[in-house]
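As provided, run.txt (compact mmCIF, C-alpha atoms) reads as follows.
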# COMPACT_ATOMS: atom_id res chain seq x y z
CA MET U 1 -24.48 14.18 -3.09
CA ASP U 2 -28.12 13.97 -4.07
CA PRO U 3 -31.01 12.24 -2.40
CA GLU U 4 -30.72 9.72 -5.24
CA GLN U 5 -27.19 8.89 -4.18
CA CYS U 6 -28.40 8.53 -0.59
CA ASP U 7 -31.00 6.04 -1.76
CA PHE U 8 -28.39 4.14 -3.72
CA LEU U 9 -26.15 3.95 -0.67
CA LEU U 10 -29.08 2.71 1.39
CA GLY U 11 -28.98 -0.33 -0.86
CA ASN U 12 -25.71 -1.39 0.72
CA GLU U 13 -26.99 -1.32 4.30
CA PRO U 14 -27.68 -4.68 5.93
CA ILE U 15 -31.25 -5.66 6.76
CA GLN U 16 -32.86 -8.78 8.18
CA ILE U 17 -35.12 -10.86 5.98
CA LYS U 18 -37.00 -14.15 6.25
CA PRO U 19 -36.60 -16.08 3.01
CA LYS U 20 -39.39 -18.27 1.71
CA PHE U 21 -37.07 -20.59 -0.16
CA ASN U 22 -34.10 -22.84 0.46
CA GLU U 23 -30.68 -22.39 -1.07
CA ALA U 24 -27.85 -24.34 0.50
CA ASP U 25 -24.97 -22.62 -1.26
CA PRO U 26 -24.38 -18.97 -0.43
CA PHE U 27 -24.22 -16.41 -3.25
CA MET U 28 -20.61 -15.33 -3.66
CA LEU U 29 -21.15 -11.73 -4.62
CA ILE U 30 -18.31 -9.30 -5.28
CA GLY U 31 -19.43 -7.29 -2.27
CA GLY U 32 -19.35 -10.32 0.03
CA GLU U 33 -21.12 -13.56 0.78
CA VAL U 34 -24.91 -13.71 0.99
CA GLY U 35 -26.70 -16.76 2.33
CA PRO U 36 -27.22 -19.71 2.63
CA PHE U 37 -30.99 -19.34 2.64
CA GLU U 38 -33.32 -21.47 4.75
CA ALA U 39 -37.05 -20.90 4.63
CA GLY U 40 -38.29 -19.09 7.72
CA VAL U 41 -34.83 -18.52 9.20
CA PRO U 42 -33.94 -14.83 9.37
CA LEU U 43 -30.61 -13.72 7.95
CA GLU U 44 -28.91 -10.47 7.06
CA VAL U 45 -28.60 -9.32 3.46
CA PRO U 46 -27.95 -5.97 1.78
CA VAL U 47 -31.08 -3.92 1.18
CA TRP U 48 -30.81 -4.19 -2.61
CA VAL U 49 -30.86 -7.99 -2.39
CA ALA U 50 -33.80 -7.83 0.02
CA LEU U 51 -35.77 -5.62 -2.37
CA GLU U 52 -35.13 -7.90 -5.34
CA LEU U 53 -36.19 -10.98 -3.39
CA ARG U 54 -39.29 -9.22 -2.10
CA LYS U 55 -40.19 -8.18 -5.65
CA ARG U 56 -40.14 -11.87 -6.60
CA GLN U 57 -42.16 -12.55 -3.44
CA THR U 58 -39.54 -14.93 -2.10
CA CYS U 59 -38.98 -13.24 1.24
CA THR U 60 -40.47 -10.99 3.89
CA ILE U 61 -38.55 -8.06 5.28
CA CYS U 62 -38.14 -7.91 9.06
CA GLN U 63 -38.43 -4.59 10.81
CA PRO U 64 -35.03 -3.27 11.94
CA GLU U 65 -34.77 -3.17 15.74
CA TRP U 66 -34.51 0.59 15.78
CA PHE U 67 -37.63 0.96 13.67
CA ASN U 68 -40.45 0.06 16.01
CA LEU U 69 -42.93 2.30 17.78
CA THR U 70 -41.14 2.41 21.16
CA GLU U 71 -37.74 3.24 19.74
CA LEU U 72 -39.15 5.87 17.42
CA ARG U 73 -41.02 7.51 20.27
CA LYS U 74 -37.77 7.62 22.27
CA ILE U 75 -35.99 9.27 19.35
CA LYS U 76 -38.78 11.80 18.99
CA THR U 77 -38.65 12.77 22.68
CA ALA U 78 -34.86 12.97 22.67
CA GLU U 79 -34.96 15.13 19.59
CA GLY U 80 -37.47 17.45 21.18
CA ASP U 81 -35.45 17.78 24.37
CA SER U 82 -32.00 18.51 22.95
CA THR U 83 -30.91 21.66 21.17
CA GLY U 84 -28.47 19.90 18.85
CA PHE U 85 -29.16 16.89 16.67
CA THR U 86 -29.50 13.54 18.43
CA LYS U 87 -27.73 10.46 17.17
CA ILE U 88 -29.96 8.53 14.79
CA HIS U 89 -29.25 5.80 12.28
CA GLU U 90 -27.08 7.07 9.46
CA ARG U 91 -29.71 6.19 6.87
CA PHE U 92 -32.70 6.88 9.09
CA PHE U 93 -34.88 8.78 6.63
CA GLU U 94 -33.97 6.72 3.59
CA MET U 95 -34.68 3.48 5.44
CA ALA U 96 -37.94 4.82 6.87
CA HIS U 97 -39.08 5.93 3.43
CA LEU U 98 -38.16 2.56 1.95
CA LEU U 99 -39.90 0.50 4.59
CA ILE U 100 -43.07 2.59 4.54
CA THR U 101 -43.38 2.56 0.76
CA GLN U 102 -41.95 -0.83 -0.25
CA ALA U 103 -42.53 -3.09 2.73
CA LYS U 104 -45.97 -1.93 3.88
CA ASP U 105 -47.23 -5.42 4.57
CA ASP U 106 -44.27 -6.39 6.70
CA LEU U 107 -44.71 -3.48 9.09
CA GLU U 108 -46.98 -3.03 12.05
CA ASN U 109 -48.63 0.25 13.13
CA LEU U 110 -47.88 1.79 9.75
CA ASP U 111 -49.82 5.05 10.26
CA GLU U 112 -48.42 5.82 13.68
CA VAL U 113 -44.91 5.09 12.48
CA ARG U 114 -45.40 7.39 9.52
CA THR U 115 -46.59 10.23 11.77
CA ILE U 116 -43.68 9.84 14.17
CA VAL U 117 -41.10 9.81 11.38
CA ARG U 118 -42.68 12.94 9.93
CA ASP U 119 -42.51 14.62 13.36
CA ILE U 120 -38.86 13.70 13.75
CA TRP U 121 -38.12 15.14 10.33
CA ASP U 122 -39.99 18.35 11.18
CA THR U 123 -38.09 18.80 14.45
CA ARG U 124 -34.71 18.22 12.85
CA SER U 125 -35.32 20.38 9.83
CA SER U 126 -36.58 23.26 11.96
CA LYS U 127 -33.41 22.99 14.07
CA LEU U 128 -31.43 23.09 10.84
CA LYS U 129 -33.32 26.17 9.68
CA THR U 130 -32.80 28.12 12.92
CA SER U 131 -29.12 27.29 13.01
CA VAL U 132 -28.70 28.27 9.36
CA ILE U 133 -30.35 31.62 10.04
CA GLN U 134 -28.03 32.11 12.98
CA TYR U 135 -25.02 31.05 10.92
CA PHE U 136 -25.74 33.52 8.14
CA GLY U 137 -27.08 36.20 10.46
CA SER U 138 -25.74 39.66 11.06
CA THR U 139 -22.26 38.31 11.81
CA PRO U 140 -21.76 35.28 9.55
CA ALA U 141 -19.72 32.56 11.21
CA SER U 142 -16.56 31.14 9.69
CA GLN U 143 -17.40 27.49 10.16
CA ALA U 144 -20.04 25.34 11.81
CA GLN U 145 -19.94 22.10 13.72
CA MET U 146 -23.03 19.98 13.34
CA ASP U 147 -22.59 16.57 14.89
CA ASN U 148 -25.07 13.79 14.20
CA ILE U 149 -26.42 15.36 11.04
CA THR U 150 -27.28 12.59 8.58
CA GLN U 151 -26.16 12.38 4.96
CA PHE U 152 -29.70 12.93 3.76
CA GLU U 153 -30.00 16.21 5.68
CA VAL U 154 -26.63 17.26 4.29
CA ALA U 155 -27.94 16.64 0.78
CA TYR U 156 -31.02 18.69 1.66
CA ALA U 157 -29.02 21.60 3.04
CA ARG U 158 -26.01 21.54 0.77
CA GLY U 159 -27.47 23.49 -2.15
CA PHE U 160 -28.44 26.66 -0.37
CA MET U 161 -25.68 26.53 2.23
CA THR U 162 -22.81 26.37 -0.25
CA ASP U 163 -24.33 28.99 -2.54
CA ALA U 164 -25.13 31.35 0.32
CA SER U 165 -21.63 30.92 1.79
CA ASN U 166 -20.07 31.76 -1.57
CA VAL U 167 -22.13 34.91 -1.93
CA ILE U 168 -21.37 36.04 1.61
CA ARG U 169 -17.71 35.33 1.14
CA LYS U 170 -17.58 37.38 -2.06
CA LEU U 171 -19.39 40.26 -0.35
CA SER U 172 -17.06 40.16 2.64
CA ASP U 173 -14.05 40.11 0.29
CA VAL U 174 -15.37 43.27 -1.33
CA THR U 175 -16.14 45.04 1.94
CA ASN U 176 -12.82 44.01 3.47
CA SER U 177 -10.87 45.32 0.52
CA LEU U 178 -12.55 48.74 0.72
CA PRO U 179 -10.44 51.38 2.45
CA LYS U 180 -11.61 51.95 6.00
CA HIS U 181 -12.61 55.52 6.75
CA MET H 1 -25.25 -24.52 -10.60
CA ASP H 2 -22.78 -25.66 -7.99
CA ASP H 3 -19.92 -24.81 -10.29
CA PHE H 4 -21.18 -21.30 -10.70
CA ASP H 5 -19.50 -19.84 -7.67
CA SER H 6 -16.29 -21.79 -7.94
CA GLN H 7 -15.79 -20.39 -11.43
CA LEU H 8 -16.23 -16.88 -10.15
CA ILE H 9 -13.09 -14.91 -9.67
CA GLY H 10 -11.04 -17.94 -8.69
CA ALA H 11 -13.08 -18.07 -5.49
CA ASP H 12 -11.62 -19.91 -2.55
CA SER H 13 -13.70 -21.53 0.12
CA ASP H 14 -13.44 -18.68 2.62
CA SER H 15 -13.35 -15.12 1.44
CA LEU H 16 -13.45 -14.18 -2.20
CA GLN H 17 -9.95 -13.55 -3.41
CA PHE H 18 -8.64 -11.93 -6.48
CA ARG H 19 -6.99 -14.05 -9.11
CA ASP H 20 -3.30 -13.98 -8.31
CA SER H 21 -2.50 -12.13 -11.49
CA VAL H 22 -4.56 -9.09 -10.46
CA PRO H 23 -3.02 -7.63 -7.35
CA VAL H 24 -4.75 -4.86 -5.47
CA ILE H 25 -2.88 -2.37 -3.42
CA ALA H 26 -4.35 -1.64 -0.01
CA THR H 27 -3.08 1.88 0.62
CA SER H 28 -2.05 4.71 -1.63
CA GLN H 29 1.47 4.63 -0.20
CA ASP H 30 1.85 1.16 -1.60
CA VAL H 31 1.09 2.35 -5.13
CA VAL H 32 4.64 3.62 -5.56
CA ALA H 33 6.06 0.31 -4.40
CA ALA H 34 3.89 -1.59 -6.85
CA ASP H 35 4.81 0.58 -9.80
CA ASN H 36 8.48 -0.01 -9.16
CA GLY H 37 8.32 -3.71 -8.48
CA MET H 38 6.00 -5.02 -11.20
CA ASP H 39 7.61 -8.42 -11.26
CA ASP H 40 7.98 -8.82 -7.56
CA ASP H 41 4.98 -10.66 -6.15
CA GLU H 42 5.95 -10.09 -2.55
CA GLU H 43 5.26 -6.35 -2.79
CA TYR H 44 1.59 -6.92 -3.54
CA GLN H 45 -1.13 -7.43 -0.99
CA ILE H 46 -4.18 -9.50 -1.81
CA VAL H 47 -7.24 -7.57 -0.72
CA PRO H 48 -10.78 -8.99 -0.71
CA PRO H 49 -13.00 -7.41 -3.37
CA ALA H 50 -15.53 -6.41 -0.72
CA VAL H 51 -12.95 -4.07 0.82
CA VAL H 52 -12.12 -2.57 -2.57
CA LEU H 53 -15.81 -2.08 -3.29
CA LYS H 54 -16.40 -0.29 0.00
CA ALA H 55 -13.36 1.91 -0.65
CA MET H 56 -14.67 2.67 -4.14
CA HIS H 57 -17.95 3.93 -2.67
CA GLU H 58 -16.06 6.29 -0.37
CA ILE H 59 -13.90 7.50 -3.26
CA TRP H 60 -17.04 8.08 -5.31
CA LEU H 61 -18.69 10.10 -2.53
CA ASN H 62 -15.59 12.21 -1.93
CA GLU H 63 -15.28 12.98 -5.63
CA SER H 64 -18.98 13.92 -5.85
CA ALA H 65 -18.79 16.31 -2.94
CA ALA H 66 -15.38 17.90 -3.64
CA PRO H 67 -15.37 21.19 -5.55
CA LYS H 68 -12.22 20.27 -7.49
CA LEU H 69 -10.65 17.20 -9.02
CA LEU H 70 -9.12 14.72 -6.61
CA THR H 71 -6.35 12.25 -7.43
CA TYR H 72 -7.44 9.50 -9.80
CA ARG H 73 -7.61 6.16 -7.98
CA SER H 74 -6.63 3.86 -10.79
CA GLU H 75 -5.95 0.75 -8.75
CA HIS H 76 -9.47 0.61 -7.32
CA VAL H 77 -11.20 1.36 -10.60
CA ASN H 78 -9.12 -1.08 -12.61
CA SER H 79 -9.46 -3.98 -10.22
CA LEU H 80 -13.23 -3.51 -9.98
CA ILE H 81 -13.56 -3.36 -13.75
CA ASP H 82 -11.61 -6.60 -13.90
CA GLN H 83 -13.99 -8.22 -11.42
CA LEU H 84 -17.01 -6.97 -13.34
CA GLU H 85 -15.74 -8.30 -16.68
CA ASN H 86 -15.05 -11.64 -15.11
CA MET H 87 -18.52 -11.82 -13.60
CA GLN H 88 -20.18 -10.78 -16.85
CA GLU H 89 -18.29 -13.48 -18.70
CA ASN H 90 -19.50 -16.03 -16.19
CA ILE H 91 -23.09 -14.93 -16.52
CA ALA H 92 -22.88 -14.93 -20.33
CA GLN H 93 -21.66 -18.52 -20.26
CA ARG H 94 -24.82 -19.66 -18.50
CA SER H 95 -27.72 -21.08 -20.46
CA GLU H 96 -30.77 -18.93 -21.22
CA ALA H 97 -32.88 -20.62 -18.53
CA GLU H 98 -30.18 -20.39 -15.89
CA ARG H 99 -29.78 -16.71 -16.60
CA ARG H 100 -33.35 -16.07 -15.52
CA SER H 101 -32.80 -17.81 -12.20
CA MET H 102 -32.60 -15.77 -9.04
CA LYS H 103 -28.91 -16.40 -8.51
CA CYS H 104 -27.98 -15.03 -11.93
CA THR H 105 -30.33 -12.08 -11.56
CA ILE H 106 -28.80 -11.10 -8.26
CA HIS H 107 -25.28 -11.35 -9.69
CA ALA H 108 -26.32 -9.31 -12.72
CA LEU H 109 -27.94 -6.68 -10.49
CA GLU H 110 -24.76 -6.35 -8.50
CA VAL H 111 -22.76 -5.88 -11.69
CA GLN H 112 -25.15 -3.09 -12.65
CA ARG H 113 -24.78 -1.39 -9.28
CA ILE H 114 -20.99 -1.43 -9.40
CA THR H 115 -21.04 -0.25 -13.02
CA TYR H 116 -23.21 2.69 -11.96
CA VAL H 117 -20.77 3.71 -9.22
CA ILE H 118 -17.77 3.59 -11.53
CA ASN H 119 -19.61 5.39 -14.34
CA ASP H 120 -20.83 8.12 -12.04
CA TYR H 121 -17.32 8.55 -10.63
CA LEU H 122 -15.90 8.97 -14.14
CA ARG H 123 -18.80 11.22 -15.16
CA THR H 124 -18.23 13.55 -12.20
CA ARG H 125 -14.53 13.79 -13.03
CA MET H 126 -15.23 14.52 -16.69
CA ARG H 127 -17.65 17.25 -15.71
CA LYS H 128 -14.97 18.86 -13.55
CA ILE H 129 -12.42 18.58 -16.36
CA GLU H 130 -14.85 20.22 -18.78
CA LYS H 131 -15.35 23.09 -16.38
CA ASP H 132 -11.65 23.87 -16.32
CA PRO H 133 -9.43 21.76 -18.59
CA VAL H 134 -6.45 24.11 -18.34
CA GLN H 135 -6.23 23.91 -14.57
CA ALA H 136 -6.57 20.13 -14.69
CA MET H 137 -3.76 19.75 -17.21
CA LEU H 138 -1.50 22.21 -15.39
CA GLU H 139 -1.86 20.41 -12.11
CA ASP H 140 -1.35 17.05 -13.78
CA ASP H 141 1.89 18.38 -15.31
CA ASN H 142 3.05 19.74 -11.95
CA ARG H 143 2.54 16.39 -10.32
CA ALA H 144 4.32 14.59 -13.14
CA LYS H 145 7.31 16.92 -12.69
CA LYS H 146 7.40 16.27 -8.96
CA ASP H 147 6.98 12.55 -9.58
CA GLU H 148 3.83 12.40 -7.46
CA GLU H 149 0.62 10.50 -8.06
CA ARG H 150 -0.98 11.83 -11.23
CA LEU H 151 -4.23 13.79 -11.03
CA LEU H 152 -5.69 12.42 -14.27
CA SER H 153 -5.76 9.00 -15.85
CA PRO H 154 -4.21 8.70 -19.34
CA ALA H 155 -7.68 8.61 -20.90
CA GLU H 156 -8.76 11.68 -18.94
CA ARG H 157 -5.60 13.50 -19.97
CA GLU H 158 -6.36 12.79 -23.61
CA PHE H 159 -9.94 13.95 -23.08
CA ALA H 160 -8.80 17.19 -21.43
CA GLU H 161 -6.43 17.97 -24.30
CA LYS H 162 -8.96 17.17 -26.99
CA TYR H 163 -11.68 19.15 -25.21
CA TYR H 164 -9.41 22.15 -24.79
CA ASP H 165 -8.30 22.03 -28.44
CA ALA H 166 -11.87 21.73 -29.64
CA SER H 167 -13.05 24.64 -27.45
CA VAL H 168 -10.20 26.88 -28.56
CA GLY H 169 -10.78 25.89 -32.19
CA LEU H 170 -14.44 26.87 -31.91
CA LEU H 171 -13.57 30.12 -30.18
CA LYS H 172 -11.05 31.02 -32.88
CA ALA H 173 -13.34 30.14 -35.76
CA GLU H 174 -16.41 31.94 -34.46
CA PHE H 175 -15.05 34.89 -32.51
CA HIS H 176 -11.40 35.62 -33.10
CA ASP H 177 -11.33 35.75 -36.84
CA PRO H 178 -13.89 38.55 -37.24
CA LEU H 179 -12.36 40.54 -34.38
CA PRO H 180 -9.08 42.48 -34.32
CA GLY H 181 -5.93 40.88 -32.85
CA VAL H 182 -6.25 42.50 -29.44
CA PHE H 183 -9.21 40.20 -28.68
CA HIS H 184 -7.34 37.02 -29.56
CA LYS H 185 -7.10 35.67 -26.05
CA VAL H 186 -8.48 32.48 -24.56
CA PRO H 187 -10.36 33.14 -21.32
CA VAL H 188 -9.48 30.76 -18.51
CA PRO H 189 -11.67 30.60 -15.39
CA LYS H 190 -10.02 31.63 -12.15
CA ALA H 191 -9.31 28.55 -10.08
CA GLU H 192 -11.00 29.44 -6.80
CA TYR H 193 -12.04 26.21 -5.22
CA GLY H 194 -10.48 26.65 -1.85
CA GLU H 195 -13.17 28.95 -0.54
CA THR H 196 -16.13 26.73 -1.37
CA ARG H 197 -17.50 25.18 1.74
CA VAL H 198 -18.05 21.46 2.21
CA PHE H 199 -19.61 19.17 4.78
CA PHE H 200 -17.30 16.53 6.15
CA GLU H 201 -16.93 13.96 8.90
CA VAL H 202 -13.75 13.30 10.84
CA LEU H 203 -12.70 9.66 10.63
CA GLU H 204 -9.67 9.37 12.86
CA ASP H 205 -8.53 10.41 16.30
CA GLY H 206 -5.74 12.86 16.87
CA VAL H 207 -6.24 14.91 13.73
CA ASP H 208 -4.53 18.30 13.72
CA ASN H 209 -6.64 21.35 14.38
CA MET H 210 -8.34 22.91 11.42
CA VAL H 211 -7.55 26.50 10.56
CA VAL H 212 -10.31 28.58 9.01
CA PRO H 213 -9.94 32.17 7.83
CA HIS H 214 -12.10 34.45 9.94
CA MET H 215 -15.15 35.74 8.16
CA GLN H 216 -15.15 39.20 9.69
CA ASP H 217 -11.42 39.77 10.00
CA PRO H 218 -9.48 38.59 6.96
CA LEU H 219 -6.17 38.74 8.77
CA SER H 220 -7.05 36.45 11.63
CA GLU H 221 -7.99 32.80 11.75
CA VAL H 222 -10.26 30.50 13.70
CA VAL H 223 -8.75 27.28 14.98
CA VAL H 224 -11.12 24.36 15.45
CA ALA H 225 -10.32 21.06 17.11
CA LEU H 226 -11.33 17.99 15.09
CA ASN H 227 -12.59 15.07 17.13
CA LYS H 228 -13.38 11.66 15.70
CA GLY H 229 -16.96 11.38 14.53
CA SER H 230 -17.74 15.09 14.54
CA ARG H 231 -19.20 16.73 11.46
CA HIS H 232 -18.41 20.20 10.22
CA PHE H 233 -19.15 22.73 7.51
CA ALA H 234 -15.99 24.58 6.57
CA PRO H 235 -13.97 25.86 3.57
CA PHE H 236 -12.47 23.19 1.38
CA ALA H 237 -8.98 24.70 1.51
CA SER H 238 -8.77 24.12 5.26
CA VAL H 239 -9.41 20.41 4.96
CA GLU H 240 -8.00 19.47 1.56
CA GLU H 241 -4.86 18.06 3.08
CA PHE H 242 -6.81 15.92 5.56
CA LEU H 243 -8.90 14.56 2.73
CA GLU H 244 -5.86 13.52 0.70
CA ARG H 245 -4.50 11.71 3.74
CA GLY H 246 -7.76 9.88 4.33
CA LEU H 247 -8.42 11.45 7.75
CA ILE H 248 -11.82 12.86 6.83
CA ARG H 249 -14.53 12.01 4.37
CA LEU H 250 -16.83 14.45 2.59
CA LEU H 251 -20.58 14.15 3.11

Represent the supplied structure as structure tokens.
Amino acid sequence: MDPEQCDFLLGNEPIQIKPKFNEADPFMLIGGEVGPFEAGVPLEVPVWVALELRKRQTCTICQPEWFNLTELRKIKTAEGDSTGFTKIHERFFEMAHLLITQAKDDLENLDEVRTIVRDIWDTRSSKLKTSVIQYFGSTPASQAQMDNITQFEVAYARGFMTDASNVIRKLSDVTNSLPKH
Amino acid sequence: MDDFDSQLIGADSDSLQFRDSVPVIATSQDVVAADNGMDDDEEYQIVPPAVVLKAMHEIWLNESAAPKLLTYRSEHVNSLIDQLENMQENIAQRSEAERRSMKCTIHALEVQRITYVINDYLRTRMRKIEKDPVQAMLEDDNRAKKDEERLLSPAEREFAEKYYDASVGLLKAEFHDPLPGVFHKVPVPKAEYGETRVFFEVLEDGVDNMVVPHMQDPLSEVVVALNKGSRHFAPFASVEEFLERGLIRLL
């Protein structure tokens, strides 16, 4: 799982848009029905459809309800208060990155939002770092439970965590097979 | 333009349905039933393509994250390829101007996305076969003997055999001939995938407890309860069975 795969999967998530055109018949895509489109009436489409329409300037993207200043501030406070990870949208970081880079004009309070998302990322990644250090510390643990970690963070952590676990496991195999004095 | 959608995949008014001649099996248990009763229409279930597509994404993710080859899911891949070919035919039949319209572009984009998923799935599997063709073929043979679902597709099997023959041929030509007979052995990597750790999420309630070998004490084990929705980082061997049964998914 790479960040690229995460981005690809983001494409399948539903998002609200406001089309600027009319199309009475829905598109019968393999992945499901999309439409019908009525100018100014918001409807839900997959993100990849929304991006294509926006590229052709035939729609505006509406902000998801969990992506406004108040909600983000709540997430940031909750994240700061708890020791574990709080529950955030599965594609939180991918969606945030997409909206900030591709849908700048459809967002309000862009700079503040960007800062808050960055803060949330910093808090979560520092929690990840401390728990990794603990996990691999002087007595490496056998397994870890990390609820509410998102796919993107897994992709971020996977490389070093799997490699480090393999090395530690090999070392412990060697030390365990040595005769005890 | 109005005929566009009705020509697609024998679409009915409500949900998209497969053409009746291309049945899709909903669960892996049904695969055996389908293989035995090819002429019997009642054994098939008609599944909307959207469900198959979603399942294909999960299969793709699991295969990407797993350290070893998982069972080949032929029914999903084949039915999606069928859908894609159908859609591509439809698009090709449109006039040049119609093809540039938004509707056609969106359909074409979707075809590209699904093609990418299938290609990446096959690519990942081929990479794993290349890493260890002997293990792949051995396990495939074991499953064939036990009459279980095969690990490799026929094309993959052929690829594994050809790749192995080519590698051994190269080894013999370049290294074995100049060296004395005692060196004429083909090295095979040790199949040690159980210990690699993976991230996973528990999908169902009431899953059995997971047993993990203790890091400090090789003779004892750690037992962990698996609740729905929790996410863990644990050795692959402990959860392989759950993965095959669809109770967890790899992240």

Counting all atoms listed in the file, a student should be able to say which residues of chain U come within 7 Å of chain H; what is the right answer, written as a list in words? Met1, Met28, Leu29, Ile30, Gly31, Gly32, Val49, Pro140, Ala141, Ser142, Gln143, Ala144, Gln145, Met146, Asp147, Gln151, Val154, Thr162 and Asn166 of chain U

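Atom CA of H:Ala191 to atom CA of U:Thr139 spans 27.2 Å [interatomic distance, one decimal].
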
If you take every atom of stretch 45-49 of chain U that the file lists and fit an axis-aligned box around them with 6 Å extra on each side, what centre and edge lengths come out in Å to one decimal, as lines of an AutoDock Vina configuration file?
center_x = -29.5
center_y = -6.6
center_z = 0.4
size_x = 15.1
size_y = 17.4
size_z = 18.1

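The space between atom CA of U:Val47 and atom CA of U:Glu33 spans 13.9 Å.
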
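Among the candidate residues H:Asp132, H:Glu241, H:Gln88, H:Asn209, the one lying nearest to H:Asn227 is H:Asn209, with distances computed using only C-alpha atoms.
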
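Of note, atom CA of H:Leu152 and atom CA of H:Val168 are spaced 20.8 Å apart.
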
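Omitting H:Val207 and its sequence neighbours fewer than 4 positions away, and counting all atoms listed in the file, the residues within 9 Å are Val202, Leu203, Ala225, Leu226, Asn227, Lys228, Phe242 and Leu247 of chain H.
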
If you count only C-alpha atoms, which residues fall within 12 Å of stretch 51-54 of chain U, apart from same-chain ones fewer than 6 positions away, as a PDB file with C-alpha atoms, keeping the file's coordinate frame?
ATOM      1  CA  LEU U  10     -29.080   2.710   1.390  1.00  0.00           C
ATOM      2  CA  GLY U  11     -28.980  -0.330  -0.860  1.00  0.00           C
ATOM      3  CA  ASN U  12     -25.710  -1.390   0.720  1.00  0.00           C
ATOM      4  CA  GLU U  13     -26.990  -1.320   4.300  1.00  0.00           C
ATOM      5  CA  PRO U  14     -27.680  -4.680   5.930  1.00  0.00           C
ATOM      6  CA  ILE U  15     -31.250  -5.660   6.760  1.00  0.00           C
ATOM      7  CA  GLN U  16     -32.860  -8.780   8.180  1.00  0.00           C
ATOM      8  CA  ILE U  17     -35.120 -10.860   5.980  1.00  0.00           C
ATOM      9  CA  LYS U  18     -37.000 -14.150   6.250  1.00  0.00           C
ATOM     10  CA  PRO U  19     -36.600 -16.080   3.010  1.00  0.00           C
ATOM     11  CA  LYS U  20     -39.390 -18.270   1.710  1.00  0.00           C
ATOM     12  CA  PHE U  21     -37.070 -20.590  -0.160  1.00  0.00           C
ATOM     13  CA  PHE U  37     -30.990 -19.340   2.640  1.00  0.00           C
ATOM     14  CA  VAL U  45     -28.600  -9.320   3.460  1.00  0.00           C
ATOM     15  CA  THR U  60     -40.470 -10.990   3.890  1.00  0.00           C
ATOM     16  CA  ILE U  61     -38.550  -8.060   5.280  1.00  0.00           C
ATOM     17  CA  CYS U  62     -38.140  -7.910   9.060  1.00  0.00           C
ATOM     18  CA  LEU U  98     -38.160   2.560   1.950  1.00  0.00           C
ATOM     19  CA  LEU U  99     -39.900   0.500   4.590  1.00  0.00           C
ATOM     20  CA  THR U 101     -43.380   2.560   0.760  1.00  0.00           C
ATOM     21  CA  GLN U 102     -41.950  -0.830  -0.250  1.00  0.00           C
ATOM     22  CA  ALA U 103     -42.530  -3.090   2.730  1.00  0.00           C
ATOM     23  CA  LYS U 104     -45.970  -1.930   3.880  1.00  0.00           C
ATOM     24  CA  ASP U 105     -47.230  -5.420   4.570  1.00  0.00           C
ATOM     25  CA  ASP U 106     -44.270  -6.390   6.700  1.00  0.00           C
TER      26      ASP U 106
ATOM     27  CA  SER H 101     -32.800 -17.810 -12.200  1.00  0.00           C
ATOM     28  CA  MET H 102     -32.600 -15.770  -9.040  1.00  0.00           C
ATOM     29  CA  LYS H 103     -28.910 -16.400  -8.510  1.00  0.00           C
ATOM     30  CA  THR H 105     -30.330 -12.080 -11.560  1.00  0.00           C
ATOM     31  CA  ILE H 106     -28.800 -11.100  -8.260  1.00  0.00           C
ATOM     32  CA  HIS H 107     -25.280 -11.350  -9.690  1.00  0.00           C
ATOM     33  CA  ALA H 108     -26.320  -9.310 -12.720  1.00  0.00           C
ATOM     34  CA  LEU H 109     -27.940  -6.680 -10.490  1.00  0.00           C
ATOM     35  CA  GLU H 110     -24.760  -6.350  -8.500  1.00  0.00           C
TER      36      GLU H 110
END

With all atoms listed in the file as the counted atoms, please give the residues lying no more than 7 Å from stretch 115-123 of chain U, apart from itself and same-chain residues fewer than 4 positions off, as a PyMOL selection string. chain U and resi 72+76+80+111+127

Which residues, written as an NGL selection string, have at least one atom at most 12 Å from U:Asn176, with all atoms listed in the file counted and residues fewer than 2 positions away on the same chain left out? (:U and (168-174 or 178-181)) or (:H and (214-219))

Give me a file of those residues, with C-alpha atoms, as an mmCIF file, in the coordinates of the input.
data_model
loop_
_atom_site.group_PDB
_atom_site.id
_atom_site.type_symbol
_atom_site.label_atom_id
_atom_site.label_comp_id
_atom_site.auth_asym_id
_atom_site.auth_seq_id
_atom_site.Cartn_x
_atom_site.Cartn_y
_atom_site.Cartn_z
ATOM 1 C CA ILE U 168 -21.370 36.040 1.610
ATOM 2 C CA ARG U 169 -17.710 35.330 1.140
ATOM 3 C CA LYS U 170 -17.580 37.380 -2.060
ATOM 4 C CA LEU U 171 -19.390 40.260 -0.350
ATOM 5 C CA SER U 172 -17.060 40.160 2.640
ATOM 6 C CA ASP U 173 -14.050 40.110 0.290
ATOM 7 C CA VAL U 174 -15.370 43.270 -1.330
ATOM 8 C CA LEU U 178 -12.550 48.740 0.720
ATOM 9 C CA PRO U 179 -10.440 51.380 2.450
ATOM 10 C CA LYS U 180 -11.610 51.950 6.000
ATOM 11 C CA HIS U 181 -12.610 55.520 6.750
ATOM 12 C CA HIS H 214 -12.100 34.450 9.940
ATOM 13 C CA MET H 215 -15.150 35.740 8.160
ATOM 14 C CA GLN H 216 -15.150 39.200 9.690
ATOM 15 C CA ASP H 217 -11.420 39.770 10.000
ATOM 16 C CA PRO H 218 -9.480 38.590 6.960
ATOM 17 C CA LEU H 219 -6.170 38.740 8.770
#

Would you mind listing what lies within 10 Å of H:Ser74 as a list of chain:residue names, with only C-alpha atoms counted and same-chain residues fewer than 3 positions away left out? H:Val31, H:Thr71, H:Val77, H:Asn78, H:Ser79, H:Leu80, H:Arg150, H:Leu152, H:Ser153
